Amino acid sequence: MKNFLEICKKYPLLLLLLATAAAFTAAGLAGKDTLYAAYRLEDVAEPSLGVVFRGIRDGVYPWEAFQGGSLPTSSSAVSNSAEEGGAEGRKPQEGQDSPAQEAEEPAPASPPASGDIPGNETPSSPDSASEEAGQEGAASSGEAAAQEADIPVRSFTQVDESYFEDALFIGDSRTVGMMEYGGFSENTVFFAKTSLTIYDLFHEPLALPMADGSSQTLEELLAGRSFGKIYIMLGINELGRGTVESFAEEYRLALSSIHELQPDAVIFLQAIMHVGQEKDASDPIFNNANIQARNDALAQLADSRVIFWLDPNGTVCTPEGYLIPDYTSDQIHLKAQYYQLWKDYLMAHGIV
Amino acid sequence: MTLLHSLLTLDALNFGSLDFLFWCLPAFLAAYYLAPAAYRNAVLFAGSILLYALAQPHFVLVLLASCAVNFWLGARLSSKPYFIAAILLDVLLLASCKAAVLAGLCKALPVGVSFFTFKLISYQADVRRGVIPPESSFLRFAAYVSFFPQITSGPIMRYGDASKGLSSPGASAAAMEEGLRLLILGLASKILLADRIGLLWNQLSVIGYESISTPLAWLGAFAYSLQLYLDFAGYSLMAGGLGLLLGYPYIENFRHPYASRSVGEFWRRWHISLGSWFRDYVYFPLGGSRAGKGAAVRNLLAVWLLTGLWHGGTWNFLLWGLILGLLVTGEKFGYGQFLGRHKILSHVYLLTAVPLTWVVFAIPDLGQLGLYFTRLFPFFGTGSAVVDPGDFARYLSMYGTLLAAGCLCCLPVLGGIYRRVRQRPLFLLLLLVLFWTCVYQIANASSNPFLYFQF
């Protein structure tokens, strides 16, 4: 005993570190197949306490690992890592090597839904490689679809800056760039944040700070005022999550929620912007094949009546579909001065 | 998943990885301290080589061959040709590795080649001058050269400093506790501050330099200066802490450099082991300042151009070295005394000049570098590109707290505070919290490489 006290006195920090490390490791091991089953990295021999800290990020606390051996009731844990990303609760983002992602890659775009809206014309966007797939819409379901059958197919016209006065933009860091460098008036509203995903809109609603200082979820924003047009570009952050089908389905649900809340707004569904050639060649997830697979599926959601498919890639990409090297320094985002090209494209594709 | 496979994926020499902190280091320390003292150098050598091999299997032979050849030549230094051969071989190894990478012949330098060749040169020169006796044991020599706490990025420990640790391997309780404290402080500096402040600098190139406002360009230069310091000084603290854990003396590599009042002083307090290396093995042998003003200027410029080249082979590094050489020469023979008389002015001078030199250091493309300087000094010509005048306020609100914390870490007063409180229980608890906060950050960043790179 006296000996032990002496050691404690001599090595206080070492003992504190060892004791806490042992506790975290024990939690990681105890919850290995239950609490932390979804957090294990497949190809990496991570120290067992790693999962504990990734759990904490999602609100899964280590003491839960010792509370019985059964699956946790907490909605913040997911039991199966191969499960689709839209499952209840927050799922950890898989590492690059996770087999769940590998499996997803070859998945084909979802087949076109049966043509329940006949007489559909392809919008006149010259840039989209995916338009040939047609625009048979699965965008809205049930009664909404019936209503929209009355709305005629509309085609794009050139508009000016004032068109954006009652516009809402929804998107990730690319749209944040548009907000910062697009030169929009104060009236244009942005619901945009780096790393925003389609799941953050309604599924796991995320409140974002608005220009007036308030913090609102998309639902609150849409319920609070009306917009003439709503632009949305999301999808690059989701590439490592779910499958093409599950992603498109989540997108479809989000679009129909948006339409429900803003029945009079024109919805512009924008293709996910491509990445540069280096990124494309080196990244197993964030590459143009994966982006295009999802774009092809998204294009099916447009009906050219309420939801319009826009593909600005043609204006910022090489003929091979890579982001033009001079336009980007990180292979993913446009440099500030090139957001105008994207904006010009949007102005050439107004619906009035 | 085989054991071999998991071993090969270990991030073995990255002190800021869970693999190092929770696999490699504990396993090594256990082996080191379970072994009888007589075998600890063998454990150190074997462990260093193993970690190196795990990090870069194909280059471990370069390290081993380097050790063997230098040991053999080092025992024959009484004859001048052997000495010259040793120095030439080491310089040639370093130069050819750098040239091969520049020419695209290989992707990466052997880990730490810039550092272990400098260690070898210092060893040969010190033996030749009789500062230290030649090492008679290959094991001790190789353990010094491959010493894993310093292999990737220094400090460049002299053989004389290492010999105490090599002759009686093992640390006292007090040294171990101090080692752990420094390890945690260094880790926190890197993980909690440097890596996060670093995002600001990345962001500027994403925007495109032509589109950043002048205030943001300056904020970027300061943020990058802080990031470099917190990263490298943090790493050096970790390396020093690891050395202490094994019973080696602490090698001070940074002494609050941003509190300096001249660029010359800055470089005596920044990466100290490199500056003193160039002083002892290049500047003095060239004659230093003894042979008159002209020779001194020549020697200074030579040292600084070599310093530039050592850091990297692209033109900006040469330019960077040249600028530093001119500043140091200017201070030595020109305005240095003026700086000495004006306290505030000299601090303003340093905190302007050094961040500008770091911008040159950071941007390899000379066209982009020029562009950045037109944003720093817009009267040189303004681009017609889109600039958001609100960008400075936005980035300041995003990074203000981190930058303020980083600035606090530059204050010399911290050293004194640390020495007063380091034994207090409350401070130990703070260290514990810092450590696990770092682990939280690392665990989430490594499993999710996009934590820092979300779009």
# chains A, B, ... in the order shown; residues from 1 in each chain; ligands from 1
call {"tool": "residues_around", "arguments": {"residues": "Asp161 of chain B", "least_positions_apart": "6", "cutoff": "10 Å", "atoms": "only C-alpha atoms", "output": "PyMOL selection string"}}
result
chain B and resi 248-251
call {"tool": "interface_residues", "arguments": {"of": "chain B", "to": "chain A", "cutoff": "9 Å", "atoms": "only C-alpha atoms", "output": "PyMOL selection string"}}
result
chain B and resi 1+3+5-7+9-10+18-19+22-23+173-174+176-177+180-181+202+205-212+385-388+390-391+425+428-429+431-432+435-436+439-444+446-450+453-455
call {"tool": "write_last_selection", "arguments": {"atoms": "C-alpha atoms", "output": "PDB file, in the first residue's frame"}}
result
ATOM      1  CA  MET B   1      -7.418  -9.325 -41.557  1.00  0.00           C
ATOM      2  CA  LEU B   3      -1.710  -9.372 -38.203  1.00  0.00           C
ATOM      3  CA  HIS B   5      -1.809  -6.461 -42.774  1.00  0.00           C
ATOM      4  CA  SER B   6      -2.796  -4.485 -39.702  1.00  0.00           C
ATOM      5  CA  LEU B   7       0.860  -3.838 -38.911  1.00  0.00           C
ATOM      6  CA  THR B   9      -1.414  -0.053 -42.155  1.00  0.00           C
ATOM      7  CA  LEU B  10      -0.090   1.454 -38.920  1.00  0.00           C
ATOM      8  CA  LEU B  18      -3.942   6.953 -32.504  1.00  0.00           C
ATOM      9  CA  ASP B  19      -1.725   4.215 -33.911  1.00  0.00           C
ATOM     10  CA  PHE B  22      -1.884   3.762 -28.374  1.00  0.00           C
ATOM     11  CA  TRP B  23      -0.019   0.999 -30.192  1.00  0.00           C
ATOM     12  CA  ALA B 173      10.495   9.475 -12.622  1.00  0.00           C
ATOM     13  CA  ALA B 174      10.729  13.248 -12.847  1.00  0.00           C
ATOM     14  CA  MET B 176       9.207  10.729 -17.446  1.00  0.00           C
ATOM     15  CA  GLU B 177       6.544  12.956 -15.978  1.00  0.00           C
ATOM     16  CA  LEU B 180       4.544  13.179 -20.735  1.00  0.00           C
ATOM     17  CA  ARG B 181       3.648  16.787 -19.978  1.00  0.00           C
ATOM     18  CA  ASN B 202      -6.196  26.371 -47.337  1.00  0.00           C
ATOM     19  CA  SER B 205      -6.274  29.155 -52.194  1.00  0.00           C
ATOM     20  CA  VAL B 206      -9.751  27.681 -52.657  1.00  0.00           C
ATOM     21  CA  ILE B 207     -11.115  31.205 -53.071  1.00  0.00           C
ATOM     22  CA  GLY B 208      -8.218  32.035 -55.368  1.00  0.00           C
ATOM     23  CA  TYR B 209      -5.655  34.639 -54.333  1.00  0.00           C
ATOM     24  CA  GLU B 210      -6.948  37.106 -56.910  1.00  0.00           C
ATOM     25  CA  SER B 211     -10.224  37.290 -55.036  1.00  0.00           C
ATOM     26  CA  ILE B 212      -9.136  37.855 -51.455  1.00  0.00           C
ATOM     27  CA  ALA B 385     -11.466  39.660 -60.075  1.00  0.00           C
ATOM     28  CA  VAL B 386     -14.407  39.411 -57.749  1.00  0.00           C
ATOM     29  CA  VAL B 387     -13.499  40.385 -54.216  1.00  0.00           C
ATOM     30  CA  ASP B 388     -15.856  40.149 -51.273  1.00  0.00           C
ATOM     31  CA  GLY B 390     -16.754  41.352 -46.128  1.00  0.00           C
ATOM     32  CA  ASP B 391     -14.412  38.361 -46.253  1.00  0.00           C
ATOM     33  CA  PRO B 425      -2.813  18.629  -9.473  1.00  0.00           C
ATOM     34  CA  LEU B 428      -2.325  17.666 -14.395  1.00  0.00           C
ATOM     35  CA  LEU B 429      -6.087  17.467 -14.762  1.00  0.00           C
ATOM     36  CA  LEU B 431      -3.339  18.103 -19.278  1.00  0.00           C
ATOM     37  CA  LEU B 432      -5.535  15.047 -18.994  1.00  0.00           C
ATOM     38  CA  PHE B 435      -4.978  14.876 -24.089  1.00  0.00           C
ATOM     39  CA  TRP B 436      -8.378  13.256 -24.398  1.00  0.00           C
ATOM     40  CA  VAL B 439      -7.750  11.974 -28.968  1.00  0.00           C
ATOM     41  CA  TYR B 440     -11.368  12.878 -29.650  1.00  0.00           C
ATOM     42  CA  GLN B 441     -10.280  15.144 -32.453  1.00  0.00           C
ATOM     43  CA  ILE B 442      -7.872  12.602 -33.933  1.00  0.00           C
ATOM     44  CA  ALA B 443     -10.321   9.687 -33.702  1.00  0.00           C
ATOM     45  CA  ASN B 444     -12.973  11.645 -35.514  1.00  0.00           C
ATOM     46  CA  SER B 446      -8.927   9.809 -38.979  1.00  0.00           C
ATOM     47  CA  SER B 447     -12.017   7.711 -39.390  1.00  0.00           C
ATOM     48  CA  ASN B 448     -13.527  10.519 -41.304  1.00  0.00           C
ATOM     49  CA  PRO B 449     -10.884  12.101 -43.497  1.00  0.00           C
ATOM     50  CA  PHE B 450     -13.491  14.596 -44.518  1.00  0.00           C
ATOM     51  CA  PHE B 453     -12.331  18.461 -45.906  1.00  0.00           C
ATOM     52  CA  GLN B 454     -16.044  18.642 -46.104  1.00  0.00           C
ATOM     53  CA  PHE B 455     -17.500  20.369 -49.057  1.00  0.00           C
TER      54      PHE B 455
END
call {"tool": "select_by_dssp", "arguments": {"residues": "segment 185-356 of chain B", "states": "alpha helix (DSSP H)", "output": "short mmCIF file (atom, residue, chain, number, x, y, z; two decimals) with N, CA and C atoms, in the first residue's frame"}}
result
data_model
loop_
_atom_site.label_atom_id
_atom_site.label_comp_id
_atom_site.auth_asym_id
_atom_site.auth_seq_id
_atom_site.Cartn_x
_atom_site.Cartn_y
_atom_site.Cartn_z
N LEU B 185 1.36 18.68 -24.27
CA LEU B 185 1.28 20.09 -24.70
C LEU B 185 1.58 20.22 -26.19
N GLY B 186 2.56 19.45 -26.66
CA GLY B 186 2.89 19.50 -28.08
C GLY B 186 1.75 18.97 -28.94
N LEU B 187 1.17 17.87 -28.48
CA LEU B 187 0.04 17.28 -29.21
C LEU B 187 -1.10 18.29 -29.30
N ALA B 188 -1.39 18.93 -28.17
CA ALA B 188 -2.50 19.89 -28.16
C ALA B 188 -2.19 21.06 -29.09
N ASP B 195 -3.64 22.49 -36.63
CA ASP B 195 -4.41 21.85 -37.71
C ASP B 195 -5.67 22.63 -38.03
N ARG B 196 -6.24 23.25 -37.02
CA ARG B 196 -7.49 23.97 -37.27
C ARG B 196 -7.24 25.35 -37.85
N ILE B 197 -6.21 26.02 -37.34
CA ILE B 197 -5.88 27.33 -37.92
C ILE B 197 -5.46 27.15 -39.38
N GLY B 198 -4.84 25.99 -39.66
CA GLY B 198 -4.37 25.73 -41.01
C GLY B 198 -5.46 25.76 -42.07
N LEU B 199 -6.69 25.52 -41.64
CA LEU B 199 -7.79 25.52 -42.62
C LEU B 199 -7.98 26.89 -43.26
N LEU B 200 -7.65 27.93 -42.52
CA LEU B 200 -7.82 29.28 -43.06
C LEU B 200 -6.92 29.47 -44.28
N TRP B 201 -5.67 29.05 -44.14
CA TRP B 201 -4.73 29.21 -45.26
C TRP B 201 -5.19 28.40 -46.46
N ASN B 202 -5.67 27.17 -46.23
CA ASN B 202 -6.20 26.37 -47.34
C ASN B 202 -7.35 27.08 -48.03
N GLN B 203 -8.18 27.69 -47.20
CA GLN B 203 -9.37 28.32 -47.74
C GLN B 203 -9.01 29.45 -48.72
N LEU B 204 -7.90 30.13 -48.44
CA LEU B 204 -7.53 31.25 -49.31
C LEU B 204 -7.21 30.77 -50.72
N SER B 205 -6.58 29.60 -50.84
CA SER B 205 -6.27 29.15 -52.19
C SER B 205 -7.53 28.62 -52.86
N VAL B 206 -8.47 28.12 -52.07
CA VAL B 206 -9.75 27.68 -52.66
C VAL B 206 -10.47 28.89 -53.27
N ILE B 207 -10.49 29.99 -52.55
CA ILE B 207 -11.12 31.21 -53.07
C ILE B 207 -10.36 31.67 -54.31
N THR B 214 -7.46 42.70 -49.27
CA THR B 214 -6.15 42.96 -48.67
C THR B 214 -6.11 42.62 -47.18
N PRO B 215 -7.13 43.01 -46.39
CA PRO B 215 -7.08 42.60 -44.98
C PRO B 215 -7.06 41.08 -44.81
N LEU B 216 -7.79 40.36 -45.68
CA LEU B 216 -7.80 38.90 -45.56
C LEU B 216 -6.43 38.33 -45.94
N ALA B 217 -5.79 38.95 -46.92
CA ALA B 217 -4.45 38.49 -47.31
C ALA B 217 -3.49 38.60 -46.12
N TRP B 218 -3.59 39.68 -45.38
CA TRP B 218 -2.73 39.84 -44.20
C TRP B 218 -3.13 38.86 -43.11
N LEU B 219 -4.42 38.71 -42.90
CA LEU B 219 -4.88 37.74 -41.90
C LEU B 219 -4.34 36.35 -42.26
N GLY B 220 -4.38 36.04 -43.56
CA GLY B 220 -3.88 34.75 -44.02
C GLY B 220 -2.40 34.58 -43.71
N ALA B 221 -1.61 35.63 -43.96
CA ALA B 221 -0.17 35.55 -43.68
C ALA B 221 0.09 35.33 -42.19
N PHE B 222 -0.66 36.03 -41.35
CA PHE B 222 -0.48 35.85 -39.90
C PHE B 222 -0.94 34.47 -39.46
N ALA B 223 -2.07 34.04 -39.99
CA ALA B 223 -2.60 32.73 -39.60
C ALA B 223 -1.62 31.64 -40.01
N TYR B 224 -1.06 31.76 -41.21
CA TYR B 224 -0.11 30.75 -41.67
C TYR B 224 1.14 30.76 -40.79
N SER B 225 1.59 31.95 -40.40
CA SER B 225 2.76 32.04 -39.52
C SER B 225 2.49 31.35 -38.19
N LEU B 226 1.31 31.56 -37.66
CA LEU B 226 0.93 30.92 -36.39
C LEU B 226 0.85 29.41 -36.56
N GLN B 227 0.22 29.00 -37.67
CA GLN B 227 0.05 27.57 -37.91
C GLN B 227 1.40 26.86 -37.98
N LEU B 228 2.34 27.44 -38.74
CA LEU B 228 3.67 26.84 -38.87
C LEU B 228 4.31 26.69 -37.51
N TYR B 229 4.23 27.75 -36.71
CA TYR B 229 4.85 27.72 -35.40
C TYR B 229 4.21 26.67 -34.49
N LEU B 230 2.87 26.71 -34.41
CA LEU B 230 2.18 25.80 -33.51
C LEU B 230 2.37 24.35 -33.94
N ASP B 231 2.48 24.15 -35.25
CA ASP B 231 2.68 22.81 -35.76
C ASP B 231 4.09 22.31 -35.46
N PHE B 232 5.08 23.11 -35.83
CA PHE B 232 6.45 22.64 -35.73
C PHE B 232 6.94 22.69 -34.28
N ALA B 233 6.59 23.76 -33.57
CA ALA B 233 7.00 23.81 -32.16
C ALA B 233 6.27 22.74 -31.38
N GLY B 234 5.01 22.48 -31.75
CA GLY B 234 4.25 21.41 -31.11
C GLY B 234 4.90 20.07 -31.36
N TYR B 235 5.26 19.83 -32.63
CA TYR B 235 5.96 18.59 -32.95
C TYR B 235 7.27 18.48 -32.16
N SER B 236 7.99 19.59 -32.09
CA SER B 236 9.28 19.55 -31.39
C SER B 236 9.12 19.27 -29.90
N LEU B 237 8.04 19.82 -29.32
CA LEU B 237 7.75 19.51 -27.91
C LEU B 237 7.49 18.02 -27.74
N MET B 238 6.73 17.46 -28.68
CA MET B 238 6.46 16.02 -28.60
C MET B 238 7.75 15.23 -28.72
N ALA B 239 8.58 15.62 -29.69
CA ALA B 239 9.85 14.91 -29.88
C ALA B 239 10.71 15.03 -28.62
N GLY B 240 10.74 16.24 -28.04
CA GLY B 240 11.51 16.44 -26.82
C GLY B 240 10.95 15.61 -25.68
N GLY B 241 9.63 15.56 -25.58
CA GLY B 241 8.99 14.78 -24.53
C GLY B 241 9.31 13.30 -24.68
N LEU B 242 9.26 12.80 -25.92
CA LEU B 242 9.57 11.39 -26.16
C LEU B 242 11.01 11.10 -25.78
N GLY B 243 11.91 12.03 -26.12
CA GLY B 243 13.32 11.86 -25.75
C GLY B 243 13.46 11.73 -24.23
N LEU B 244 12.75 12.63 -23.51
CA LEU B 244 12.81 12.57 -22.04
C LEU B 244 12.31 11.23 -21.52
N LEU B 245 11.24 10.72 -22.14
CA LEU B 245 10.67 9.44 -21.70
C LEU B 245 11.70 8.31 -21.78
N VAL B 263 15.13 39.64 -37.44
CA VAL B 263 15.03 38.36 -38.13
C VAL B 263 16.18 37.44 -37.72
N GLY B 264 17.37 38.05 -37.50
CA GLY B 264 18.50 37.25 -37.03
C GLY B 264 18.19 36.57 -35.70
N GLU B 265 17.63 37.35 -34.78
CA GLU B 265 17.28 36.78 -33.47
C GLU B 265 16.18 35.74 -33.64
N PHE B 266 15.21 36.05 -34.51
CA PHE B 266 14.12 35.10 -34.77
C PHE B 266 14.70 33.73 -35.11
N TRP B 267 15.68 33.74 -36.01
CA TRP B 267 16.22 32.46 -36.46
C TRP B 267 17.18 31.83 -35.46
N ARG B 268 17.56 32.55 -34.42
CA ARG B 268 18.27 31.89 -33.33
C ARG B 268 17.30 31.25 -32.35
N ARG B 269 16.01 31.62 -32.51
CA ARG B 269 15.00 31.08 -31.59
C ARG B 269 13.98 30.18 -32.30
N ILE B 272 15.97 25.91 -33.59
CA ILE B 272 17.30 26.21 -33.07
C ILE B 272 18.34 25.18 -33.50
N SER B 273 17.94 23.91 -33.51
CA SER B 273 18.94 22.88 -33.83
C SER B 273 19.37 22.97 -35.29
N LEU B 274 18.53 23.50 -36.16
CA LEU B 274 18.95 23.67 -37.55
C LEU B 274 19.85 24.90 -37.69
N GLY B 275 19.43 26.01 -37.08
CA GLY B 275 20.22 27.24 -37.16
C GLY B 275 21.62 27.03 -36.60
N SER B 276 21.70 26.32 -35.47
CA SER B 276 23.02 26.13 -34.88
C SER B 276 23.85 25.15 -35.71
N TRP B 277 23.17 24.24 -36.39
CA TRP B 277 23.88 23.33 -37.29
C TRP B 277 24.54 24.12 -38.42
N PHE B 278 23.76 24.99 -39.05
CA PHE B 278 24.32 25.79 -40.16
C PHE B 278 25.44 26.69 -39.64
N LYS B 293 34.18 42.21 -43.84
CA LYS B 293 32.77 42.41 -44.12
C LYS B 293 32.31 41.66 -45.37
N GLY B 294 33.13 41.78 -46.43
CA GLY B 294 32.75 41.14 -47.70
C GLY B 294 32.57 39.65 -47.54
N ALA B 295 33.54 39.02 -46.89
CA ALA B 295 33.47 37.57 -46.70
C ALA B 295 32.29 37.20 -45.82
N ALA B 296 32.04 38.02 -44.80
CA ALA B 296 30.93 37.73 -43.90
C ALA B 296 29.60 37.76 -44.65
N VAL B 297 29.44 38.76 -45.51
CA VAL B 297 28.21 38.86 -46.30
C VAL B 297 28.07 37.63 -47.19
N ARG B 298 29.18 37.27 -47.84
CA ARG B 298 29.16 36.10 -48.71
C ARG B 298 28.77 34.85 -47.91
N ASN B 299 29.38 34.69 -46.73
CA ASN B 299 29.10 33.50 -45.92
C ASN B 299 27.65 33.46 -45.44
N LEU B 300 27.16 34.63 -45.04
CA LEU B 300 25.76 34.68 -44.59
C LEU B 300 24.83 34.29 -45.73
N LEU B 301 25.05 34.87 -46.91
CA LEU B 301 24.16 34.56 -48.03
C LEU B 301 24.25 33.09 -48.39
N ALA B 302 25.48 32.54 -48.33
CA ALA B 302 25.63 31.11 -48.64
C ALA B 302 24.82 30.28 -47.66
N VAL B 303 24.94 30.61 -46.37
CA VAL B 303 24.20 29.85 -45.36
C VAL B 303 22.70 29.93 -45.62
N TRP B 304 22.23 31.13 -45.95
CA TRP B 304 20.78 31.28 -46.07
C TRP B 304 20.24 30.68 -47.37
N LEU B 305 21.05 30.73 -48.43
CA LEU B 305 20.60 30.04 -49.65
C LEU B 305 20.54 28.54 -49.40
N LEU B 306 21.53 28.01 -48.69
CA LEU B 306 21.50 26.58 -48.37
C LEU B 306 20.32 26.24 -47.46
N THR B 307 20.05 27.13 -46.51
CA THR B 307 18.88 26.92 -45.65
C THR B 307 17.62 26.83 -46.49
N GLY B 308 17.51 27.73 -47.48
CA GLY B 308 16.36 27.72 -48.37
C GLY B 308 16.26 26.40 -49.11
N LEU B 309 17.39 25.97 -49.71
CA LEU B 309 17.39 24.73 -50.47
C LEU B 309 17.08 23.52 -49.60
N TRP B 310 17.55 23.56 -48.37
CA TRP B 310 17.31 22.44 -47.45
C TRP B 310 15.82 22.26 -47.22
N HIS B 311 15.10 23.39 -47.17
CA HIS B 311 13.67 23.30 -46.90
C HIS B 311 12.87 22.81 -48.11
N TRP B 315 11.78 27.07 -56.71
CA TRP B 315 12.38 28.40 -56.75
C TRP B 315 12.01 29.27 -55.56
N ASN B 316 10.77 29.10 -55.08
CA ASN B 316 10.36 29.97 -53.97
C ASN B 316 11.23 29.78 -52.74
N PHE B 317 11.77 28.55 -52.54
CA PHE B 317 12.61 28.33 -51.36
C PHE B 317 13.95 29.05 -51.51
N LEU B 318 14.46 29.06 -52.75
CA LEU B 318 15.70 29.78 -53.01
C LEU B 318 15.48 31.28 -52.75
N LEU B 319 14.36 31.77 -53.27
CA LEU B 319 14.00 33.17 -53.08
C LEU B 319 13.83 33.48 -51.58
N TRP B 320 13.19 32.56 -50.91
CA TRP B 320 12.95 32.71 -49.47
C TRP B 320 14.27 32.79 -48.71
N GLY B 321 15.20 31.87 -49.04
CA GLY B 321 16.51 31.89 -48.40
C GLY B 321 17.25 33.18 -48.69
N LEU B 322 17.15 33.62 -49.94
CA LEU B 322 17.83 34.86 -50.33
C LEU B 322 17.29 36.05 -49.54
N ILE B 323 15.96 36.13 -49.43
CA ILE B 323 15.36 37.24 -48.68
C ILE B 323 15.82 37.22 -47.22
N LEU B 324 15.80 36.03 -46.63
CA LEU B 324 16.26 35.92 -45.23
C LEU B 324 17.71 36.35 -45.11
N GLY B 325 18.53 35.89 -46.09
CA GLY B 325 19.94 36.26 -46.07
C GLY B 325 20.11 37.77 -46.13
N LEU B 326 19.34 38.41 -47.02
CA LEU B 326 19.44 39.87 -47.16
C LEU B 326 18.99 40.58 -45.89
N LEU B 327 17.90 40.08 -45.29
CA LEU B 327 17.40 40.71 -44.06
C LEU B 327 18.44 40.58 -42.94
N VAL B 328 18.98 39.38 -42.78
CA VAL B 328 19.94 39.16 -41.70
C VAL B 328 21.21 40.00 -41.94
N THR B 329 21.66 40.03 -43.21
CA THR B 329 22.83 40.83 -43.53
C THR B 329 22.55 42.31 -43.27
N GLY B 330 21.38 42.75 -43.71
CA GLY B 330 20.99 44.14 -43.49
C GLY B 330 20.99 44.49 -42.00
N GLY B 336 20.45 47.10 -37.81
CA GLY B 336 20.30 46.31 -36.59
C GLY B 336 20.34 47.16 -35.33
N GLN B 337 21.27 48.12 -35.28
CA GLN B 337 21.38 48.96 -34.09
C GLN B 337 20.16 49.84 -33.91
N PHE B 338 19.62 50.29 -35.05
CA PHE B 338 18.40 51.10 -34.99
C PHE B 338 17.27 50.30 -34.36
N LEU B 339 17.15 49.02 -34.79
CA LEU B 339 16.11 48.15 -34.21
C LEU B 339 16.33 48.00 -32.71
N GLY B 340 17.59 47.87 -32.33
CA GLY B 340 17.91 47.67 -30.92
C GLY B 340 17.46 48.84 -30.06
N ARG B 341 17.44 50.03 -30.64
CA ARG B 341 17.06 51.21 -29.85
C ARG B 341 15.55 51.40 -29.79
N LYS B 343 12.14 49.66 -29.33
CA LYS B 343 11.55 48.39 -28.93
C LYS B 343 10.28 48.06 -29.71
N ILE B 344 9.32 48.99 -29.70
CA ILE B 344 8.04 48.72 -30.35
C ILE B 344 8.22 48.54 -31.85
N LEU B 345 9.01 49.46 -32.43
CA LEU B 345 9.25 49.41 -33.87
C LEU B 345 9.87 48.08 -34.29
N SER B 346 10.79 47.58 -33.45
CA SER B 346 11.46 46.34 -33.83
C SER B 346 10.48 45.16 -33.80
N HIS B 347 9.55 45.18 -32.84
CA HIS B 347 8.55 44.11 -32.82
C HIS B 347 7.64 44.20 -34.04
N VAL B 348 7.24 45.43 -34.38
CA VAL B 348 6.39 45.61 -35.55
C VAL B 348 7.12 45.12 -36.80
N TYR B 349 8.39 45.48 -36.89
CA TYR B 349 9.22 45.05 -38.02
C TYR B 349 9.24 43.53 -38.13
N LEU B 350 9.51 42.87 -37.00
CA LEU B 350 9.62 41.41 -37.05
C LEU B 350 8.30 40.77 -37.42
N LEU B 351 7.22 41.27 -36.81
CA LEU B 351 5.92 40.63 -37.04
C LEU B 351 5.34 40.99 -38.40
N THR B 352 5.98 41.88 -39.11
CA THR B 352 5.61 42.13 -40.51
C THR B 352 6.51 41.32 -41.43
N ALA B 353 7.83 41.41 -41.18
CA ALA B 353 8.78 40.80 -42.09
C ALA B 353 8.66 39.27 -42.10
N VAL B 354 8.57 38.68 -40.93
CA VAL B 354 8.58 37.21 -40.89
C VAL B 354 7.34 36.60 -41.55
N PRO B 355 6.12 37.10 -41.24
CA PRO B 355 4.98 36.54 -41.97
C PRO B 355 5.11 36.69 -43.49
N LEU B 356 5.69 37.80 -43.95
CA LEU B 356 5.86 37.95 -45.40
C LEU B 356 6.83 36.89 -45.94
#
call {"tool": "atom_distance", "arguments": {"atom1": "atom CA of Glu252 of chain B", "atom2": "atom CA of Gly154 of chain B"}}
result
10.8 Å
call {"tool": "residues_around", "arguments": {"residues": "segment 267-272 of chain A", "least_positions_apart": "5", "cutoff": "10 Å", "atoms": "only C-alpha atoms", "output": "PyMOL selection string"}}
result
chain A and resi 128+130+167-171+174+227-236+251+255+258-259+262+288+291-292+294-299+301-302+304-313+346+349-351
call {"tool": "decode", "arguments": {"residues": "segment 78-85 of chain B", "atoms": "N, CA and C atoms", "output": "PDB file, in the first residue's frame"}}
result
ATOM      1  N   SER B  78      40.854  10.018 -38.652  1.00  0.00           N
ATOM      2  CA  SER B  78      42.154  10.667 -38.494  1.00  0.00           C
ATOM      3  C   SER B  78      42.784  10.908 -39.856  1.00  0.00           C
ATOM      4  N   SER B  79      42.312  10.170 -40.839  1.00  0.00           N
ATOM      5  CA  SER B  79      42.801  10.394 -42.198  1.00  0.00           C
ATOM      6  C   SER B  79      41.793  11.271 -42.942  1.00  0.00           C
ATOM      7  N   LYS B  80      42.295  12.373 -43.516  1.00  0.00           N
ATOM      8  CA  LYS B  80      41.409  13.375 -44.091  1.00  0.00           C
ATOM      9  C   LYS B  80      40.528  12.850 -45.232  1.00  0.00           C
ATOM     10  N   PRO B  81      41.096  12.030 -46.137  1.00  0.00           N
ATOM     11  CA  PRO B  81      40.242  11.543 -47.236  1.00  0.00           C
ATOM     12  C   PRO B  81      38.983  10.836 -46.744  1.00  0.00           C
ATOM     13  N   TYR B  82      39.103  10.092 -45.634  1.00  0.00           N
ATOM     14  CA  TYR B  82      37.922   9.409 -45.116  1.00  0.00           C
ATOM     15  C   TYR B  82      36.864  10.416 -44.648  1.00  0.00           C
ATOM     16  N   PHE B  83      37.374  11.474 -44.024  1.00  0.00           N
ATOM     17  CA  PHE B  83      36.454  12.510 -43.554  1.00  0.00           C
ATOM     18  C   PHE B  83      35.727  13.148 -44.730  1.00  0.00           C
ATOM     19  N   ILE B  84      36.503  13.513 -45.749  1.00  0.00           N
ATOM     20  CA  ILE B  84      35.890  14.136 -46.927  1.00  0.00           C
ATOM     21  C   ILE B  84      34.902  13.181 -47.580  1.00  0.00           C
ATOM     22  N   ALA B  85      35.272  11.916 -47.655  1.00  0.00           N
ATOM     23  CA  ALA B  85      34.375  10.927 -48.262  1.00  0.00           C
ATOM     24  C   ALA B  85      33.062  10.851 -47.487  1.00  0.00           C
TER      25      ALA B  85
END
